[in-house]
$ cat protein_20.txt   # compact mmCIF, C-alpha atoms
# COMPACT_ATOMS: atom_id res chain seq x y z
CA MET A 1 88.20 70.42 89.43
CA CYS A 2 87.72 73.44 91.67
CA ALA A 3 86.32 71.25 94.44
CA ALA A 4 89.29 68.89 94.19
CA GLU A 5 91.78 71.80 94.13
CA CYS A 6 90.40 73.75 97.09
CA PRO A 7 93.01 73.40 99.88
CA LYS A 8 90.38 74.06 102.54
CA GLY A 9 87.91 71.59 101.05
CA ILE A 10 85.03 74.03 101.29
CA ILE A 11 83.92 73.74 97.64
CA PHE A 12 81.60 70.82 97.07
CA GLN A 13 79.51 69.46 94.24
CA LYS A 14 76.90 66.85 94.85
CA GLU A 15 76.60 64.16 92.22
CA ASN A 16 74.19 65.07 89.43
CA GLU A 17 73.53 68.47 91.00
CA GLY A 18 74.53 71.42 88.84
CA LEU A 19 77.31 73.81 89.81
CA PRO A 20 79.88 73.61 92.60
CA ARG A 21 78.92 75.40 95.81
CA ILE A 22 80.35 76.80 99.03
CA ALA A 23 78.23 76.61 102.14
CA VAL A 24 77.63 80.05 103.65
CA ALA A 25 78.95 78.76 106.96
CA ASP A 26 82.26 77.85 105.29
CA GLU A 27 82.89 81.12 103.45
CA ALA A 28 85.01 82.53 106.29
CA GLN A 29 87.46 79.64 105.85
CA CYS A 30 88.39 80.72 102.32
CA ILE A 31 92.02 81.90 102.22
CA ALA A 32 91.68 83.56 98.79
CA CYS A 33 94.48 81.45 97.35
CA GLY A 34 92.97 81.54 93.87
CA HIS A 35 93.42 77.83 93.10
CA CYS A 36 89.78 77.48 92.08
CA VAL A 37 90.02 80.53 89.81
CA ALA A 38 93.27 79.29 88.27
CA VAL A 39 92.09 75.75 87.54
CA CYS A 40 88.70 76.62 86.02
CA PRO A 41 89.01 76.36 82.21
CA HIS A 42 85.89 78.49 81.73
CA GLY A 43 86.77 81.50 83.90
CA ALA A 44 83.50 80.88 85.70
CA LEU A 45 84.51 81.54 89.30
CA ARG A 46 84.36 84.77 91.26
CA VAL A 47 86.07 84.86 94.67
CA THR A 48 86.22 87.78 97.05
CA GLY A 49 89.80 89.02 97.14
CA VAL A 50 90.75 87.29 93.86
CA ALA A 51 89.29 89.44 91.11
CA ILE A 52 89.38 87.52 87.84
CA GLU A 53 90.29 90.77 86.06
CA ASP A 54 93.61 90.63 87.96
CA CYS A 55 94.20 86.97 87.08
CA PRO A 56 95.50 86.86 83.48
CA GLU A 57 95.36 83.65 81.50
CA ILE A 58 98.61 81.72 81.12
CA LYS A 59 100.11 82.45 77.69
CA LYS A 60 101.42 79.29 76.08
CA ASP A 61 104.07 81.17 74.09
CA LEU A 62 105.64 82.42 77.32
CA VAL A 63 105.92 78.99 78.97
CA LEU A 64 109.60 78.05 79.35
CA SER A 65 110.88 74.89 77.75
CA ARG A 66 112.83 72.43 79.89
CA ASP A 67 116.13 73.65 78.46
CA GLN A 68 115.19 77.31 78.90
CA ALA A 69 114.18 76.73 82.49
CA GLY A 70 117.37 74.78 83.18
CA GLN A 71 119.64 77.49 81.79
CA PHE A 72 117.68 80.24 83.53
CA LEU A 73 117.96 78.60 86.95
CA ARG A 74 121.63 77.74 86.48
CA SER A 75 122.37 81.31 85.39
CA ARG A 76 121.74 82.65 88.88
CA ARG A 77 125.01 83.81 90.43
CA SER A 78 125.90 85.20 93.83
CA VAL A 79 127.09 88.61 92.71
CA ARG A 80 129.84 90.11 94.85
CA CYS A 81 131.18 92.75 92.48
CA PHE A 82 128.65 95.52 91.92
CA LYS A 83 128.86 98.65 89.83
CA ASP A 84 129.15 101.92 91.72
CA LYS A 85 125.62 102.78 90.71
CA ALA A 86 122.54 103.34 92.86
CA MET A 87 119.80 100.75 92.49
CA ASP A 88 116.86 102.12 90.54
CA ARG A 89 113.90 102.26 92.92
CA GLY A 90 111.43 101.59 90.12
CA ILE A 91 113.19 98.36 89.17
CA LEU A 92 113.53 97.30 92.80
CA LYS A 93 109.84 97.93 93.37
CA GLN A 94 109.09 95.83 90.29
CA LEU A 95 111.16 92.96 91.73
CA ILE A 96 109.39 93.17 95.07
CA GLU A 97 106.06 93.21 93.24
CA THR A 98 107.06 89.93 91.57
CA ALA A 99 108.27 88.45 94.86
CA ARG A 100 104.84 88.97 96.40
CA TYR A 101 103.63 86.05 94.28
CA ALA A 102 105.86 83.69 96.27
CA PRO A 103 103.79 81.20 98.27
CA THR A 104 103.16 81.92 101.93
CA ALA A 105 101.74 79.54 104.53
CA SER A 106 97.93 79.63 104.45
CA ASN A 107 98.29 82.35 101.81
CA ALA A 108 98.88 84.84 104.65
CA GLN A 109 100.76 87.30 102.39
CA ASN A 110 101.98 89.13 105.47
CA LEU A 111 105.58 89.93 104.54
CA GLN A 112 106.99 93.42 104.54
CA TRP A 113 110.13 94.76 102.85
CA THR A 114 112.81 96.97 104.36
CA VAL A 115 115.22 98.55 101.86
CA ILE A 116 118.46 100.10 103.14
CA GLU A 117 120.16 102.35 100.58
CA GLY A 118 123.59 103.93 100.25
CA ARG A 119 127.13 103.00 101.24
CA ASP A 120 126.86 105.46 104.13
CA ARG A 121 124.15 103.18 105.60
CA LEU A 122 125.73 99.86 104.64
CA GLU A 123 129.32 100.44 105.78
CA PRO A 124 128.35 100.81 109.48
CA LEU A 125 126.55 97.46 109.21
CA SER A 126 129.73 95.90 107.83
CA LEU A 127 131.78 97.50 110.62
CA GLU A 128 129.50 96.07 113.31
CA THR A 129 129.78 92.67 111.63
CA VAL A 130 133.59 92.90 111.68
CA ASN A 131 133.44 93.84 115.37
CA TRP A 132 131.33 90.74 116.02
CA MET A 133 133.81 88.60 114.08
CA ASN A 134 136.67 89.98 116.20
CA ARG A 135 134.76 89.05 119.36
CA VAL A 136 134.32 85.51 118.06
CA ILE A 137 138.03 85.28 117.21
CA ASP A 138 139.02 86.53 120.67
CA ALA A 139 136.63 84.21 122.48
CA HIS A 140 137.25 81.08 120.38
CA PRO A 141 140.63 81.48 118.61
CA ASP A 142 140.83 77.81 117.60
CA ALA A 143 137.27 77.49 116.33
CA PRO A 144 136.61 76.91 112.60
CA ALA A 145 134.68 80.19 112.52
CA ALA A 146 137.76 82.08 113.72
CA ALA A 147 139.84 80.62 110.90
CA CYS A 148 137.16 81.71 108.42
CA PHE A 149 136.82 85.21 109.88
CA ARG A 150 140.52 86.18 110.18
CA PRO A 151 141.21 86.84 106.46
CA ILE A 152 137.98 88.82 106.18
CA VAL A 153 138.92 90.96 109.16
CA ASP A 154 142.44 91.43 107.77
CA ARG A 155 141.08 92.62 104.43
CA TRP A 156 138.74 95.02 106.22
CA ALA A 157 141.84 96.65 107.75
CA THR A 158 143.11 97.32 104.22
CA GLY A 159 139.87 99.06 103.25
CA TYR A 160 138.07 96.17 101.55
CA ASP A 161 134.53 95.37 102.66
CA GLY A 162 134.21 91.60 102.54
CA ILE A 163 130.86 91.73 104.32
CA LEU A 164 128.59 93.70 101.98
CA ARG A 165 131.19 94.01 99.23
CA THR A 166 130.48 96.93 96.91
CA ALA A 167 126.69 96.74 97.19
CA ARG A 168 124.81 100.00 97.64
CA THR A 169 121.44 98.47 98.50
CA LEU A 170 120.31 95.88 101.02
CA VAL A 171 116.89 94.22 101.15
CA VAL A 172 115.57 92.68 104.37
CA PRO A 173 112.03 91.20 104.35
CA PRO A 174 110.56 90.90 107.89
CA ALA A 175 107.57 88.73 108.86
CA PRO A 176 105.30 88.98 111.92
CA GLN A 177 106.82 87.19 114.91
CA GLU A 178 103.61 85.26 115.53
CA SER A 179 103.82 83.70 112.05
CA ALA A 180 104.80 80.05 112.58
CA ASN A 181 106.12 79.76 109.04
CA GLY A 182 107.44 83.30 108.65
CA LEU A 183 111.08 82.32 108.13
CA VAL A 184 110.15 79.85 105.41
CA ASP A 185 107.95 82.44 103.71
CA LEU A 186 110.80 84.96 103.77
CA GLY A 187 113.27 82.51 102.27
CA ILE A 188 110.95 81.65 99.38
CA ALA A 189 110.21 85.33 98.73
CA LEU A 190 113.92 86.18 98.56
CA ALA A 191 114.47 83.29 96.13
CA TYR A 192 111.68 84.66 93.93
CA LEU A 193 113.22 88.13 94.05
CA GLU A 194 116.71 87.02 93.06
CA LEU A 195 115.40 84.93 90.16
CA ALA A 196 113.18 87.77 88.95
CA ALA A 197 116.27 89.99 88.99
CA LEU A 198 118.09 88.00 86.29
CA PRO A 199 116.18 89.22 83.20
CA LEU A 200 116.46 92.82 84.43
CA GLY A 201 120.24 92.76 84.60
CA VAL A 202 120.25 92.93 88.40
CA GLY A 203 122.44 90.82 90.68
CA THR A 204 121.94 89.62 94.24
CA CYS A 205 123.86 87.93 97.02
CA TRP A 206 122.70 86.53 100.35
CA ALA A 207 124.50 88.49 103.10
CA GLY A 208 125.50 85.54 105.27
CA LEU A 209 128.13 87.27 107.42
CA LEU A 210 125.77 90.11 108.30
CA ARG A 211 123.10 87.51 109.03
CA GLY A 212 125.49 85.80 111.43
CA ALA A 213 126.17 89.03 113.32
CA MET A 214 122.53 90.11 113.68
CA PRO A 215 121.37 87.68 116.41
CA ALA A 216 124.46 88.47 118.49
CA THR A 217 124.34 92.25 118.06
CA PRO A 218 121.02 93.84 119.12
CA GLY A 219 122.30 97.33 118.33
CA LEU A 220 123.03 96.26 114.79
CA VAL A 221 119.48 95.04 114.24
CA ALA A 222 118.07 98.23 115.81
CA SER A 223 120.15 100.39 113.48
CA MET A 224 118.57 98.70 110.45
CA GLY A 225 115.15 100.11 111.33
CA LEU A 226 113.23 96.87 110.89
CA PRO A 227 109.53 96.90 111.86
CA GLU A 228 108.76 96.18 115.51
CA GLY A 229 107.08 92.88 116.29
CA HIS A 230 108.65 91.22 113.27
CA THR A 231 111.28 88.59 112.69
CA TRP A 232 113.74 88.49 109.81
CA PHE A 233 115.51 85.72 107.96
CA TYR A 234 118.28 87.00 105.73
CA PRO A 235 119.49 90.30 104.32
CA MET A 236 120.18 90.31 100.59
CA MET A 237 122.58 92.56 98.68
CA ILE A 238 121.23 93.82 95.40
CA GLY A 239 122.62 95.96 92.59
CA TYR A 240 124.03 95.99 89.07
CA PRO A 241 126.72 93.36 88.40
CA ARG A 242 130.11 94.74 87.41
CA PHE A 243 130.83 91.73 85.22
CA LYS A 244 128.88 89.51 82.85
CA TYR A 245 128.92 85.74 83.21
CA HIS A 246 129.42 83.45 80.21
CA ARG A 247 129.24 79.89 81.54
CA LEU A 248 127.18 77.71 83.88
CA PRO A 249 129.38 76.26 86.64
CA GLU A 250 128.89 72.62 87.61
CA ARG A 251 127.73 71.52 91.04
CA LYS A 252 127.99 68.31 93.02
CA ALA A 253 125.70 65.47 92.01
CA PRO A 254 122.62 65.19 94.24
CA VAL A 255 122.53 62.60 96.98
CA ILE A 256 119.14 60.89 96.77
CA HIS A 257 117.69 58.43 99.26
CA TRP A 258 114.82 56.53 97.67
CA LYS A 259 112.51 54.96 100.25

$ encode --input "protein_20.txt" --output "structure tokens"
Amino acid sequence: MCAAECPKGIIFQKENEGLPRIAVADEAQCIACGHCVAVCPHGALRVTGVAIEDCPEIKKDLVLSRDQAGQFLRSRRSVRCFKDKAMDRGILKQLIETARYAPTASNAQNLQWTVIEGRDRLEPLSLETVNWMNRVIDAHPDAPAAACFRPIVDRWATGYDGILRTARTLVVPPAPQESANGLVDLGIALAYLELAALPLGVGTCWAGLLRGAMPATPGLVASMGLPEGHTWFYPMMIGYPRFKYHRLPERKAPVIHWK
């Protein structure tokens, strides 16, 4: 099983010849993904970088049923109304710890996390986004984007932040620029984080308008203090939801092309 599971194909077992093996010459190719450790029913494997003591057995009583999994996934909401309460750093660290188990290409595990805290830090980001939206409206007044941006800009003038809402914390995970799959890795990690947030009473929302402004506003990106030599995918608002949700909204039926 471990030989079949190894994504690099470096574990082999000759027919009628004892235990599986890894050729010394192939050891450097191991990406420490842990598949061989996870699939072994006997706990017999030891892999450098994947200590079996840190790999707990799967508890059958904690496995979600189909209905539990369905309700859990459908319970995720894009929270736009947050309590005026600072995000607990301990809980946020716990969520990021969970998100590190998201898959990364070749098991690179090379993501970092930038956390921006406080309305005094977030409001200038919203302002720069509004400025960008005004530039788009002025340059392309008849474009669909302009029609979308105008009511948001108008509400900003009344004192309402339609960019980062009432969030007090923003999470931005950067990845090394040389990582070919960095943006995919970041997206999966953010999805893990927002799902892990549900049982802890924490809400999230993808900050799409800020994301739109970032490529067009170098000063905005610089003010966020992201690591040099890294790329980013999406900022995410995070905090405590002001309201509780009681139902699971419907969505469009999937369009499936069977080939």

$ atom_distance --input "protein_20.txt" --atom1 "atom CA of A:Leu209" --atom2 "atom CA of A:Ile96"
23.2 Å

$ closest_residue --input "protein_20.txt" --among "A:Leu62, A:Ala3, A:Arg74, A:Glu15" --to "A:Glu250" --atoms "only C-alpha atoms"
A:Arg74

$ residues_around --input "protein_20.txt" --residues "stretch 108-112 of chain A" --least-positions-apart "3" --cutoff "12 Å" --atoms "all atoms listed in the file" --output "PyMOL selection string"
chain A and resi 30-33+96-97+99-105+115+171-190+226-233

$ axis_aligned_box --input "protein_20.txt" --around "stretch 93-101 of chain A" --padding-each-side "8 Å" --output "lines of an AutoDock Vina configuration file"
center_x = 107.4
center_y = 92.0
center_z = 93.3
size_x = 23.5
size_y = 27.9
size_z = 22.1

$ closest_residue --input "protein_20.txt" --among "A:Ala216, A:Ala38, A:Cys205, A:Ala197" --to "A:Met133" --atoms "all atoms listed in the file"
A:Ala216

$ atom_distance --input "protein_20.txt" --atom1 "atom CA of A:Met237" --atom2 "atom CA of A:Leu170"
4.7 Å

$ atom_distance --input "protein_20.txt" --atom1 "atom CA of A:Gln13" --atom2 "atom CA of A:Ile52"
21.6 Å

$ closest_residue --input "protein_20.txt" --among "A:Trp258, A:Tyr192, A:Phe12, A:Phe82" --to "A:Gly239" --atoms "only C-alpha atoms"
A:Phe82

$ closest_residue --input "protein_20.txt" --among "A:Leu122, A:Leu193, A:Val39, A:Val255" --to "A:Ile91" --atoms "all atoms listed in the file"
A:Leu193

$ residues_around --input "protein_20.txt" --residues "stretch 217-221 of chain A" --least-positions-apart "3" --cutoff "9 Å" --atoms "all atoms listed in the file" --output "JSON, numbers by chain"
{"A": [124, 125, 128, 129, 132, 213, 214, 224, 225, 226]}

$ build_atoms --input "protein_20.txt" --residues "stretch 18-29 of chain A" --atoms "all heavy atoms" --output "PDB file, keeping the file's coordinate frame"
ATOM      1  N   GLY A  18      74.104  70.113  89.341  1.00  0.00           N
ATOM      2  CA  GLY A  18      74.530  71.420  88.840  1.00  0.00           C
ATOM      3  C   GLY A  18      75.931  71.878  89.196  1.00  0.00           C
ATOM      4  O   GLY A  18      76.896  71.131  89.118  1.00  0.00           O
ATOM      5  N   LEU A  19      76.029  73.142  89.620  1.00  0.00           N
ATOM      6  CA  LEU A  19      77.310  73.810  89.810  1.00  0.00           C
ATOM      7  C   LEU A  19      77.923  73.531  91.178  1.00  0.00           C
ATOM      8  O   LEU A  19      77.219  73.200  92.125  1.00  0.00           O
ATOM      9  CB  LEU A  19      77.116  75.323  89.651  1.00  0.00           C
ATOM     10  CG  LEU A  19      76.599  75.793  88.291  1.00  0.00           C
ATOM     11  CD1 LEU A  19      76.327  77.301  88.322  1.00  0.00           C
ATOM     12  CD2 LEU A  19      77.592  75.470  87.193  1.00  0.00           C
ATOM     13  N   PRO A  20      79.242  73.712  91.288  1.00  0.00           N
ATOM     14  CA  PRO A  20      79.880  73.610  92.600  1.00  0.00           C
ATOM     15  C   PRO A  20      79.365  74.702  93.533  1.00  0.00           C
ATOM     16  O   PRO A  20      78.919  75.762  93.081  1.00  0.00           O
ATOM     17  CB  PRO A  20      81.375  73.822  92.287  1.00  0.00           C
ATOM     18  CG  PRO A  20      81.501  73.562  90.824  1.00  0.00           C
ATOM     19  CD  PRO A  20      80.214  73.985  90.210  1.00  0.00           C
ATOM     20  N   ARG A  21      79.441  74.453  94.833  1.00  0.00           N
ATOM     21  CA  ARG A  21      78.920  75.400  95.810  1.00  0.00           C
ATOM     22  C   ARG A  21      79.872  75.537  96.985  1.00  0.00           C
ATOM     23  O   ARG A  21      80.719  74.678  97.236  1.00  0.00           O
ATOM     24  CB  ARG A  21      77.548  74.946  96.343  1.00  0.00           C
ATOM     25  CG  ARG A  21      76.482  74.722  95.296  1.00  0.00           C
ATOM     26  CD  ARG A  21      75.290  73.989  95.893  1.00  0.00           C
ATOM     27  NE  ARG A  21      74.264  73.697  94.899  1.00  0.00           N
ATOM     28  CZ  ARG A  21      73.222  74.484  94.642  1.00  0.00           C
ATOM     29  NH1 ARG A  21      73.079  75.609  95.325  1.00  0.00           N
ATOM     30  NH2 ARG A  21      72.324  74.172  93.722  1.00  0.00           N
ATOM     31  N   ILE A  22      79.694  76.615  97.735  1.00  0.00           N
ATOM     32  CA  ILE A  22      80.350  76.800  99.030  1.00  0.00           C
ATOM     33  C   ILE A  22      79.256  77.114 100.034  1.00  0.00           C
ATOM     34  O   ILE A  22      78.469  78.049  99.830  1.00  0.00           O
ATOM     35  CB  ILE A  22      81.366  77.961  98.998  1.00  0.00           C
ATOM     36  CG1 ILE A  22      82.493  77.663  98.010  1.00  0.00           C
ATOM     37  CG2 ILE A  22      81.961  78.185 100.396  1.00  0.00           C
ATOM     38  CD1 ILE A  22      83.514  78.773  97.901  1.00  0.00           C
ATOM     39  N   ALA A  23      79.217  76.348 101.104  1.00  0.00           N
ATOM     40  CA  ALA A  23      78.230  76.610 102.140  1.00  0.00           C
ATOM     41  C   ALA A  23      78.519  77.963 102.783  1.00  0.00           C
ATOM     42  O   ALA A  23      79.672  78.316 103.008  1.00  0.00           O
ATOM     43  CB  ALA A  23      78.267  75.507 103.200  1.00  0.00           C
ATOM     44  N   VAL A  24      77.468  78.723 103.041  1.00  0.00           N
ATOM     45  CA  VAL A  24      77.630  80.050 103.650  1.00  0.00           C
ATOM     46  C   VAL A  24      78.444  79.963 104.932  1.00  0.00           C
ATOM     47  O   VAL A  24      79.284  80.818 105.218  1.00  0.00           O
ATOM     48  CB  VAL A  24      76.245  80.677 103.923  1.00  0.00           C
ATOM     49  CG1 VAL A  24      76.403  81.989 104.676  1.00  0.00           C
ATOM     50  CG2 VAL A  24      75.495  80.891 102.607  1.00  0.00           C
ATOM     51  N   ALA A  25      78.236  78.916 105.692  1.00  0.00           N
ATOM     52  CA  ALA A  25      78.950  78.760 106.960  1.00  0.00           C
ATOM     53  C   ALA A  25      80.449  78.548 106.769  1.00  0.00           C
ATOM     54  O   ALA A  25      81.239  78.752 107.692  1.00  0.00           O
ATOM     55  CB  ALA A  25      78.368  77.584 107.745  1.00  0.00           C
ATOM     56  N   ASP A  26      80.841  78.127 105.563  1.00  0.00           N
ATOM     57  CA  ASP A  26      82.260  77.850 105.290  1.00  0.00           C
ATOM     58  C   ASP A  26      82.989  79.006 104.612  1.00  0.00           C
ATOM     59  O   ASP A  26      84.210  78.943 104.430  1.00  0.00           O
ATOM     60  CB  ASP A  26      82.392  76.603 104.406  1.00  0.00           C
ATOM     61  CG  ASP A  26      81.968  75.330 105.130  1.00  0.00           C
ATOM     62  OD1 ASP A  26      82.059  75.313 106.365  1.00  0.00           O
ATOM     63  OD2 ASP A  26      81.557  74.376 104.442  1.00  0.00           O
ATOM     64  N   GLU A  27      82.274  80.045 104.219  1.00  0.00           N
ATOM     65  CA  GLU A  27      82.890  81.120 103.450  1.00  0.00           C
ATOM     66  C   GLU A  27      84.065  81.766 104.184  1.00  0.00           C
ATOM     67  O   GLU A  27      85.057  82.154 103.569  1.00  0.00           O
ATOM     68  CB  GLU A  27      81.842  82.175 103.090  1.00  0.00           C
ATOM     69  CG  GLU A  27      80.856  81.703 102.026  1.00  0.00           C
ATOM     70  CD  GLU A  27      79.875  82.796 101.645  1.00  0.00           C
ATOM     71  OE1 GLU A  27      79.937  83.894 102.245  1.00  0.00           O
ATOM     72  OE2 GLU A  27      79.058  82.559 100.743  1.00  0.00           O
ATOM     73  N   ALA A  28      83.956  81.874 105.514  1.00  0.00           N
ATOM     74  CA  ALA A  28      85.010  82.530 106.290  1.00  0.00           C
ATOM     75  C   ALA A  28      86.313  81.734 106.263  1.00  0.00           C
ATOM     76  O   ALA A  28      87.384  82.283 106.563  1.00  0.00           O
ATOM     77  CB  ALA A  28      84.557  82.723 107.734  1.00  0.00           C
ATOM     78  N   GLN A  29      86.253  80.457 105.886  1.00  0.00           N
ATOM     79  CA  GLN A  29      87.460  79.640 105.850  1.00  0.00           C
ATOM     80  C   GLN A  29      88.271  79.851 104.570  1.00  0.00           C
ATOM     81  O   GLN A  29      89.421  79.407 104.487  1.00  0.00           O
ATOM     82  CB  GLN A  29      87.103  78.163 105.973  1.00  0.00           C
ATOM     83  CG  GLN A  29      86.455  77.780 107.295  1.00  0.00           C
ATOM     84  CD  GLN A  29      86.212  76.290 107.378  1.00  0.00           C
ATOM     85  OE1 GLN A  29      87.060  75.480 107.004  1.00  0.00           O
ATOM     86  NE2 GLN A  29      85.032  75.900 107.852  1.00  0.00           N
TER      87      GLN A  29
END
